[in-house]
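Okay, target-v4.tsv now, which holds TSV, N, CA and C atoms:
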chain	number	residue	atom	x	y	z
A	296	MET	N	138.16	189.14	122.31
A	296	MET	CA	137.47	189.23	123.59
A	296	MET	C	136.03	189.70	123.37
A	297	PHE	N	135.13	189.11	124.11
A	297	PHE	CA	133.71	189.46	124.02
A	297	PHE	C	133.51	190.85	124.62
A	298	LYS	N	132.95	191.76	123.82
A	298	LYS	CA	132.88	193.17	124.23
A	298	LYS	C	131.92	193.42	125.39
A	299	ASN	N	130.93	192.56	125.61
A	299	ASN	CA	129.98	192.75	126.70
A	299	ASN	C	130.26	191.82	127.88
A	300	LYS	N	131.47	191.29	127.94
A	300	LYS	CA	131.82	190.33	128.98
A	300	LYS	C	131.62	190.93	130.38
A	301	LYS	N	132.02	192.17	130.56
A	301	LYS	CA	131.89	192.81	131.86
A	301	LYS	C	130.41	192.87	132.28
A	302	GLU	N	129.55	193.19	131.35
A	302	GLU	CA	128.12	193.26	131.63
A	302	GLU	C	127.57	191.89	132.03
A	303	VAL	N	128.01	190.85	131.35
A	303	VAL	CA	127.57	189.49	131.67
A	303	VAL	C	128.07	189.11	133.06
A	304	ILE	N	129.31	189.42	133.37
A	304	ILE	CA	129.87	189.11	134.69
A	304	ILE	C	129.09	189.83	135.78
A	305	GLU	N	128.73	191.08	135.54
A	305	GLU	CA	127.92	191.82	136.51
A	305	GLU	C	126.56	191.16	136.70
A	306	CYS	N	125.97	190.67	135.62
A	306	CYS	CA	124.70	189.95	135.73
A	306	CYS	C	124.87	188.72	136.61
A	307	ILE	N	125.94	187.97	136.39
A	307	ILE	CA	126.19	186.75	137.17
A	307	ILE	C	126.40	187.10	138.64
A	308	GLN	N	127.21	188.12	138.90
A	308	GLN	CA	127.48	188.51	140.28
A	308	GLN	C	126.22	188.94	141.02
A	309	ASN	N	125.27	189.49	140.29
A	309	ASN	CA	124.02	189.93	140.88
A	309	ASN	C	122.89	188.92	140.69
A	310	ASN	N	123.24	187.75	140.18
A	310	ASN	CA	122.29	186.67	139.92
A	310	ASN	C	121.05	187.18	139.16
A	311	ARG	N	121.33	187.90	138.07
A	311	ARG	CA	120.23	188.41	137.26
A	311	ARG	C	120.51	188.12	135.79
A	312	ASP	N	119.45	188.18	135.01
A	312	ASP	CA	119.55	187.94	133.57
A	312	ASP	C	119.31	189.26	132.85
A	313	ASP	N	119.27	189.21	131.55
A	313	ASP	CA	118.92	190.41	130.77
A	313	ASP	C	117.66	190.16	129.94
A	314	LEU	N	116.86	189.20	130.36
A	314	LEU	CA	115.66	188.85	129.60
A	314	LEU	C	114.71	190.04	129.53
A	315	ASP	N	114.32	190.36	128.31
A	315	ASP	CA	113.45	191.51	128.05
A	315	ASP	C	112.17	190.99	127.40
A	316	ASN	N	111.11	190.98	128.17
A	316	ASN	CA	109.84	190.45	127.65
A	316	ASN	C	109.35	191.22	126.44
A	317	ASN	N	109.59	192.52	126.42
A	317	ASN	CA	109.15	193.33	125.27
A	317	ASN	C	109.89	192.91	124.00
A	318	LEU	N	111.19	192.66	124.11
A	318	LEU	CA	111.97	192.19	122.96
A	318	LEU	C	111.45	190.83	122.50
A	319	ALA	N	111.23	189.94	123.45
A	319	ALA	CA	110.73	188.61	123.12
A	319	ALA	C	109.38	188.69	122.42
A	320	LEU	N	108.50	189.51	122.96
A	320	LEU	CA	107.19	189.65	122.34
A	320	LEU	C	107.29	190.26	120.94
A	321	GLU	N	108.23	191.17	120.77
A	321	GLU	CA	108.45	191.76	119.44
A	321	GLU	C	108.81	190.67	118.43
A	322	TYR	N	109.70	189.76	118.84
A	322	TYR	CA	110.10	188.66	117.95
A	322	TYR	C	108.98	187.65	117.76
A	323	MET	N	107.99	187.66	118.66
A	323	MET	CA	106.86	186.73	118.56
A	323	MET	C	105.63	187.42	117.99
A	324	GLY	N	105.82	188.58	117.35
A	324	GLY	CA	104.69	189.28	116.75
A	324	GLY	C	103.69	189.79	117.78
A	325	ASN	N	104.20	190.11	118.97
A	325	ASN	CA	103.37	190.59	120.10
A	325	ASN	C	102.28	189.60	120.49
A	326	ASN	N	102.56	188.32	120.29
A	326	ASN	CA	101.61	187.27	120.61
A	326	ASN	C	102.02	186.63	121.95
A	327	GLN	N	101.37	187.07	123.03
A	327	GLN	CA	101.70	186.59	124.37
A	327	GLN	C	101.49	185.09	124.51
A	328	ASP	N	100.44	184.58	123.90
A	328	ASP	CA	100.16	183.15	123.98
A	328	ASP	C	101.27	182.34	123.33
A	329	LEU	N	101.70	182.78	122.16
A	329	LEU	CA	102.80	182.10	121.47
A	329	LEU	C	104.08	182.16	122.30
A	330	TYR	N	104.38	183.33	122.85
A	330	TYR	CA	105.57	183.48	123.69
A	330	TYR	C	105.53	182.51	124.87
A	331	SER	N	104.41	182.43	125.55
A	331	SER	CA	104.27	181.53	126.71
A	331	SER	C	104.48	180.08	126.30
A	332	LYS	N	103.93	179.69	125.16
A	332	LYS	CA	104.11	178.31	124.67
A	332	LYS	C	105.57	178.03	124.32
A	333	VAL	N	106.21	178.99	123.67
A	333	VAL	CA	107.62	178.82	123.29
A	333	VAL	C	108.49	178.68	124.53
A	334	VAL	N	108.28	179.53	125.51
A	334	VAL	CA	109.07	179.47	126.75
A	334	VAL	C	108.86	178.13	127.46
A	335	LYS	N	107.62	177.72	127.58
A	335	LYS	CA	107.33	176.44	128.25
A	335	LYS	C	108.01	175.28	127.53
A	336	LEU	N	107.90	175.23	126.23
A	336	LEU	CA	108.53	174.16	125.44
A	336	LEU	C	110.05	174.25	125.54
A	337	TYR	N	110.59	175.46	125.48
A	337	TYR	CA	112.04	175.65	125.56
A	337	TYR	C	112.58	175.13	126.89
A	338	VAL	N	111.92	175.47	127.97
A	338	VAL	CA	112.36	175.03	129.29
A	338	VAL	C	112.30	173.51	129.38
A	339	GLN	N	111.21	172.91	128.90
A	339	GLN	CA	111.06	171.46	128.93
A	339	GLN	C	112.19	170.76	128.17
A	340	GLU	N	112.54	171.32	127.02
A	340	GLU	CA	113.52	170.66	126.15
A	340	GLU	C	114.97	171.00	126.49
A	341	ASN	N	115.19	172.04	127.28
A	341	ASN	CA	116.57	172.50	127.48
A	341	ASN	C	117.02	172.55	128.93
A	342	HIS	N	116.25	171.98	129.85
A	342	HIS	CA	116.63	172.05	131.25
A	342	HIS	C	117.96	171.35	131.54
A	343	GLN	N	118.36	170.43	130.71
A	343	GLN	CA	119.60	169.68	130.93
A	343	GLN	C	120.82	170.31	130.25
A	344	GLN	N	120.64	171.40	129.53
A	344	GLN	CA	121.73	171.98	128.74
A	344	GLN	C	122.93	172.44	129.57
A	345	VAL	N	122.68	172.99	130.76
A	345	VAL	CA	123.78	173.50	131.57
A	345	VAL	C	124.75	172.38	131.92
A	346	GLU	N	124.23	171.30	132.45
A	346	GLU	CA	125.10	170.17	132.82
A	346	GLU	C	125.75	169.53	131.60
A	347	LEU	N	125.02	169.46	130.52
A	347	LEU	CA	125.55	168.90	129.29
A	347	LEU	C	126.72	169.73	128.78
A	348	MET	N	126.58	171.06	128.78
A	348	MET	CA	127.67	171.92	128.32
A	348	MET	C	128.89	171.82	129.24
A	349	LYS	N	128.66	171.71	130.54
A	349	LYS	CA	129.78	171.53	131.48
A	349	LYS	C	130.54	170.25	131.18
A	350	GLU	N	129.79	169.20	130.91
A	350	GLU	CA	130.39	167.90	130.59
A	350	GLU	C	131.20	167.98	129.29
A	351	TYR	N	130.61	168.59	128.26
A	351	TYR	CA	131.33	168.73	126.99
A	351	TYR	C	132.61	169.54	127.16
A	352	LEU	N	132.54	170.59	127.96
A	352	LEU	CA	133.73	171.41	128.18
A	352	LEU	C	134.80	170.61	128.92
A	353	LYS	N	134.41	169.90	129.96
A	353	LYS	CA	135.35	169.08	130.73
A	353	LYS	C	136.02	168.04	129.84
A	354	ASP	N	135.24	167.44	128.95
A	354	ASP	CA	135.75	166.39	128.07
A	354	ASP	C	136.35	166.94	126.77
A	355	LYS	N	136.38	168.26	126.65
A	355	LYS	CA	136.92	168.94	125.47
A	355	LYS	C	136.21	168.51	124.18
A	356	LYS	N	134.93	168.31	124.29
A	356	LYS	CA	134.10	167.98	123.13
A	356	LYS	C	133.56	169.30	122.57
A	357	TYR	N	134.44	170.02	121.90
A	357	TYR	CA	134.13	171.38	121.49
A	357	TYR	C	133.07	171.46	120.39
A	358	TRP	N	132.99	170.46	119.53
A	358	TRP	CA	131.98	170.52	118.48
A	358	TRP	C	130.59	170.30	119.06
A	359	GLU	N	130.47	169.39	120.02
A	359	GLU	CA	129.19	169.19	120.70
A	359	GLU	C	128.81	170.45	121.47
A	360	LEU	N	129.80	171.06	122.09
A	360	LEU	CA	129.58	172.31	122.81
A	360	LEU	C	129.12	173.41	121.85
A	361	TYR	N	129.77	173.46	120.70
A	361	TYR	CA	129.36	174.42	119.67
A	361	TYR	C	127.88	174.22	119.31
A	362	ASN	N	127.47	172.98	119.11
A	362	ASN	CA	126.08	172.71	118.73
A	362	ASN	C	125.10	173.19	119.80
A	363	CYS	N	125.42	172.97	121.06
A	363	CYS	CA	124.55	173.45	122.15
A	363	CYS	C	124.46	174.97	122.13
A	364	ILE	N	125.61	175.62	122.03
A	364	ILE	CA	125.64	177.09	122.07
A	364	ILE	C	124.96	177.66	120.83
A	365	HIS	N	125.16	177.02	119.69
A	365	HIS	CA	124.52	177.48	118.46
A	365	HIS	C	122.99	177.41	118.59
A	366	ASN	N	122.49	176.35	119.19
A	366	ASN	CA	121.04	176.22	119.40
A	366	ASN	C	120.52	177.30	120.34
A	367	ILE	N	121.29	177.62	121.37
A	367	ILE	CA	120.91	178.69	122.29
A	367	ILE	C	120.88	180.01	121.55
A	368	LYS	N	121.89	180.23	120.72
A	368	LYS	CA	121.94	181.47	119.93
A	368	LYS	C	120.69	181.62	119.08
A	369	GLY	N	120.26	180.53	118.48
A	369	GLY	CA	119.13	180.57	117.57
A	369	GLY	C	117.83	181.04	118.21
A	370	LEU	N	117.66	180.79	119.50
A	370	LEU	CA	116.41	181.16	120.16
A	370	LEU	C	116.57	182.30	121.16
A	371	SER	N	117.77	182.75	121.40
A	371	SER	CA	118.00	183.71	122.48
A	371	SER	C	117.25	185.03	122.29
A	372	LEU	N	117.16	185.54	121.08
A	372	LEU	CA	116.41	186.78	120.88
A	372	LEU	C	114.91	186.54	121.04
A	373	ASN	N	114.44	185.37	120.62
A	373	ASN	CA	113.04	185.04	120.83
A	373	ASN	C	112.70	184.94	122.32
A	374	LEU	N	113.71	184.64	123.12
A	374	LEU	CA	113.51	184.57	124.56
A	374	LEU	C	113.74	185.93	125.22
A	375	GLY	N	114.26	186.88	124.46
A	375	GLY	CA	114.43	188.24	124.95
A	375	GLY	C	115.79	188.57	125.50
A	376	SER	N	116.84	187.85	125.11
A	376	SER	CA	118.17	188.10	125.66
A	376	SER	C	119.16	188.51	124.58
A	377	ARG	N	119.45	189.79	124.54
A	377	ARG	CA	120.47	190.28	123.60
A	377	ARG	C	121.86	189.82	124.00
A	378	LEU	N	122.14	189.80	125.30
A	378	LEU	CA	123.47	189.38	125.77
A	378	LEU	C	123.72	187.91	125.46
A	379	LEU	N	122.73	187.08	125.70
A	379	LEU	CA	122.88	185.65	125.41
A	379	LEU	C	123.13	185.45	123.92
A	380	PHE	N	122.43	186.22	123.09
A	380	PHE	CA	122.63	186.11	121.65
A	380	PHE	C	124.04	186.53	121.26
A	381	SER	N	124.48	187.69	121.69
A	381	SER	CA	125.80	188.18	121.26
A	381	SER	C	126.93	187.33	121.83
A	382	PHE	N	126.77	186.86	123.07
A	382	PHE	CA	127.81	186.02	123.67
A	382	PHE	C	127.88	184.68	122.95
A	383	SER	N	126.73	184.08	122.65
A	383	SER	CA	126.74	182.80	121.94
A	383	SER	C	127.29	182.96	120.53
A	384	GLU	N	126.99	184.08	119.88
A	384	GLU	CA	127.55	184.34	118.55
A	384	GLU	C	129.07	184.41	118.60
A	385	TYR	N	129.59	185.11	119.59
A	385	TYR	CA	131.03	185.23	119.80
A	385	TYR	C	131.67	183.85	120.04
A	386	LEU	N	131.05	183.05	120.92
A	386	LEU	CA	131.60	181.73	121.22
A	386	LEU	C	131.51	180.79	120.02
A	387	CYS	N	130.41	180.83	119.29
A	387	CYS	CA	130.28	179.98	118.10
A	387	CYS	C	131.40	180.28	117.11
A	388	HIS	N	131.66	181.55	116.90
A	388	HIS	CA	132.74	181.94	115.98
A	388	HIS	C	134.09	181.36	116.46
A	389	ASN	N	134.36	181.48	117.74
A	389	ASN	CA	135.63	180.99	118.27
A	389	ASN	C	135.71	179.47	118.27
A	390	LEU	N	134.61	178.80	118.52
A	390	LEU	CA	134.63	177.34	118.50
A	390	LEU	C	134.80	176.80	117.09
A	391	VAL	N	134.22	177.47	116.11
A	391	VAL	CA	134.45	177.07	114.71
A	391	VAL	C	135.92	177.29	114.35
A	392	SER	N	136.47	178.41	114.76
A	392	SER	CA	137.90	178.68	114.49
A	392	SER	C	138.79	177.65	115.16
A	393	LEU	N	138.41	177.23	116.36
A	393	LEU	CA	139.17	176.20	117.06
A	393	LEU	C	139.10	174.89	116.28
A	394	LYS	N	137.92	174.54	115.81
A	394	LYS	CA	137.75	173.30	115.04
A	394	LYS	C	138.55	173.34	113.74
A	395	GLU	N	138.61	174.52	113.14
A	395	GLU	CA	139.34	174.67	111.88
A	395	GLU	C	140.81	174.93	112.10
A	396	ASN	N	141.27	174.79	113.32
A	396	ASN	CA	142.68	174.97	113.69
A	396	ASN	C	143.20	176.36	113.39
A	397	LYS	N	142.33	177.37	113.44
A	397	LYS	CA	142.77	178.74	113.23
A	397	LYS	C	143.41	179.31	114.49
A	398	PHE	N	143.09	178.74	115.63
A	398	PHE	CA	143.79	179.05	116.86
A	398	PHE	C	143.63	177.89	117.83
A	399	LYS	N	144.49	177.88	118.83
A	399	LYS	CA	144.50	176.78	119.79
A	399	LYS	C	143.62	177.11	120.98
A	400	GLU	N	143.25	176.06	121.68
A	400	GLU	CA	142.49	176.22	122.91
A	400	GLU	C	143.24	177.16	123.84
A	401	SER	N	142.50	178.05	124.48
A	401	SER	CA	143.13	178.99	125.40
A	401	SER	C	142.35	179.03	126.71
A	402	GLN	N	143.02	179.45	127.75
A	402	GLN	CA	142.33	179.59	129.04
A	402	GLN	C	141.25	180.66	128.95
A	403	GLU	N	141.48	181.68	128.16
A	403	GLU	CA	140.47	182.74	128.00
A	403	GLU	C	139.19	182.17	127.39
A	404	LEU	N	139.33	181.32	126.38
A	404	LEU	CA	138.15	180.70	125.77
A	404	LEU	C	137.42	179.82	126.78
A	405	ILE	N	138.17	179.02	127.53
A	405	ILE	CA	137.57	178.15	128.55
A	405	ILE	C	136.83	179.00	129.58
A	406	ASP	N	137.47	180.08	130.02
A	406	ASP	CA	136.84	180.97	131.00
A	406	ASP	C	135.56	181.59	130.42
A	407	ASP	N	135.63	182.02	129.16
A	407	ASP	CA	134.45	182.61	128.52
A	407	ASP	C	133.30	181.60	128.43
A	408	ILE	N	133.63	180.37	128.12
A	408	ILE	CA	132.59	179.34	128.03
A	408	ILE	C	131.97	179.10	129.40
A	409	ASN	N	132.79	179.07	130.43
A	409	ASN	CA	132.25	178.90	131.79
A	409	ASN	C	131.35	180.07	132.19
A	410	ILE	N	131.75	181.27	131.83
A	410	ILE	CA	130.93	182.45	132.10
A	410	ILE	C	129.60	182.34	131.35
A	411	PHE	N	129.67	181.94	130.09
A	411	PHE	CA	128.46	181.76	129.29
A	411	PHE	C	127.52	180.75	129.93
A	412	ILE	N	128.07	179.61	130.34
A	412	ILE	CA	127.25	178.55	130.93
A	412	ILE	C	126.55	179.07	132.19
A	413	GLU	N	127.26	179.81	133.02
A	413	GLU	CA	126.65	180.34	134.24
A	413	GLU	C	125.56	181.36	133.91
A	414	PHE	N	125.81	182.22	132.94
A	414	PHE	CA	124.81	183.21	132.55
A	414	PHE	C	123.58	182.51	131.96
A	415	TYR	N	123.82	181.51	131.15
A	415	TYR	CA	122.70	180.75	130.58
A	415	TYR	C	121.88	180.08	131.69
A	416	ARG	N	122.57	179.55	132.71
A	416	ARG	CA	121.88	178.92	133.84
A	416	ARG	C	120.93	179.92	134.50
A	417	ILE	N	121.40	181.13	134.71
A	417	ILE	CA	120.58	182.16	135.34
A	417	ILE	C	119.37	182.49	134.45
A	418	CYS	N	119.60	182.65	133.16
A	418	CYS	CA	118.50	182.94	132.24
A	418	CYS	C	117.49	181.80	132.23
A	419	LEU	N	117.98	180.58	132.19
A	419	LEU	CA	117.09	179.42	132.16
A	419	LEU	C	116.27	179.32	133.44
A	420	GLU	N	116.88	179.61	134.59
A	420	GLU	CA	116.14	179.58	135.85
A	420	GLU	C	115.01	180.61	135.84
A	421	THR	N	115.28	181.80	135.30
A	421	THR	CA	114.25	182.82	135.20
A	421	THR	C	113.11	182.34	134.32
A	422	LEU	N	113.46	181.74	133.20
A	422	LEU	CA	112.42	181.22	132.29
A	422	LEU	C	111.60	180.12	132.96
A	423	GLU	N	112.27	179.25	133.71
A	423	GLU	CA	111.58	178.17	134.41
A	423	GLU	C	110.56	178.72	135.40
A	424	LYS	N	110.92	179.80	136.08
A	424	LYS	CA	110.02	180.41	137.07
A	424	LYS	C	108.82	181.08	136.40
A	425	SER	N	108.97	181.44	135.14
A	425	SER	CA	107.90	182.16	134.46
A	425	SER	C	106.83	181.25	133.86
A	426	VAL	N	107.09	179.93	133.83
A	426	VAL	CA	106.10	179.02	133.24
A	426	VAL	C	105.31	178.26	134.30
Could you write out this structure as structure tokens?
Amino acid sequence: MFKNKKEVIECIQNNRDDLDNNLALEYMGNNQDLYSKVVKLYVQENHQQVELMKEYLKDKKYWELYNCIHNIKGLSLNLGSRLLFSFSEYLCHNLVSLKENKFKESQELIDDINIFIEFYRICLETLEKSV
């Protein structure tokens, strides 16, 4: 079970993210211009990810879903979200285990993925408003 799940659910219920501009700037070498460019490019290239992940989940295309979540994980700290990073790390581990037949699909995993998608949607909307 994802240890910060309750915190993510509270964020969703309050329609808020955990984006921390100071953390993002730290990962960008305190370069505000670079951060702004990265966010703008990220939003342009990833605005379709929410619907894509929902489709992959519905169609049980777990490896494609893994690739989307893995890409989100890779940039989440640069965008300033510790929760997005840790949740995506948790899901990536479980999706790899699922692919390797170490455990079977579970309702808990499906629920966690849906929670992740909703939290990502909120984070992405915040980023979109900032550019």
Quiz item: Leaving out Ser425 of chain A and any residue of its chain fewer than 6 positions from it, which residues lie within 8 Å of it when counting only N, CA and C atoms, given as a PyMOL selection string?
Solution: chain A and resi 331+334-335+419
Quiz item: Leaving out Phe411 of chain A and any residue of its chain fewer than 5 positions from it, which residues lie within 10 Å of it when counting only C-alpha atoms, given as a PyMOL selection string?
Solution: chain A and resi 300+303-304+307+345+348+364+378-379+382-383+386+405-406+416-417
Exercise. From the DSSP assignment of the backbone, select every residue of chain A that is helix (DSSP H, G or I), and format the answer as a PyMOL selection string.
Key: chain A and resi 300-308+316-322+327-341+344-353+357-371+377-394+402-425
Self-check item: Polymer residues at most 12 Å from Val333 of chain A, only C-alpha atoms, same-chain spacing of 3 or more positions, as an MDAnalysis selection string
Solution: chainID A and resid 319:320 322:323 326:330 336:341 370:371 373:375 422:423 425:426
Quiz prompt | All residues 10 Å or closer to segment 350-353 of chain A, only C-alpha atoms, same chain fewer than 6 positions away omitted, as a PyMOL selection string | solution = chain A and resi 344+359-361+363+405+408-409
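With only C-alpha atoms taken into account, the protein and nucleic acid residues at most 6 Å from segment 311-316 of chain A (excluding it and anything under 5 positions from it in its own chain) are Cys306, Gly375, Ser376 and Cys418 of chain A.
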Exercise. Point out the residue among A:Lys349, A:Arg377, A:Lys301, A:His388 with the least atom-to-atom distance to Leu318 of chain A, counting only C-alpha atoms.
Key: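 Closest residue, counting only C-alpha atoms: A:Arg377.
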Quiz prompt | Gap from atom CA of Trp358 of chain A to atom CA of His342 of chain A - Å, one decimal | solution =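 Separating atom CA of Trp358 of chain A from atom CA of His342 of chain A is a distance of 20.0 Å.
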Box time for segment 412-419 of chain A: axis-aligned, enclosing all its listed atoms, 5 Å extra on each side; report centre and edge lengths in Å to one decimal, as lines of an AutoDock Vina configuration file.
center_x = 122.2
center_y = 180.9
center_z = 132.8
size_x = 21.8
size_y = 14.7
size_z = 15.0
Practice problem: In Å, rounded to a single decimal, give me how far atom CA of Gln308 of chain A is from atom CA of Ser392 of chain A. | Solution: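 Going from atom CA of Ser392 of chain A over to atom CA of Gln308 of chain A covers 29.5 Å.
Taking atom C of Glu321 of chain A and atom CA of Asp407 of chain A as the two end points, the separation is 28.7 Å.
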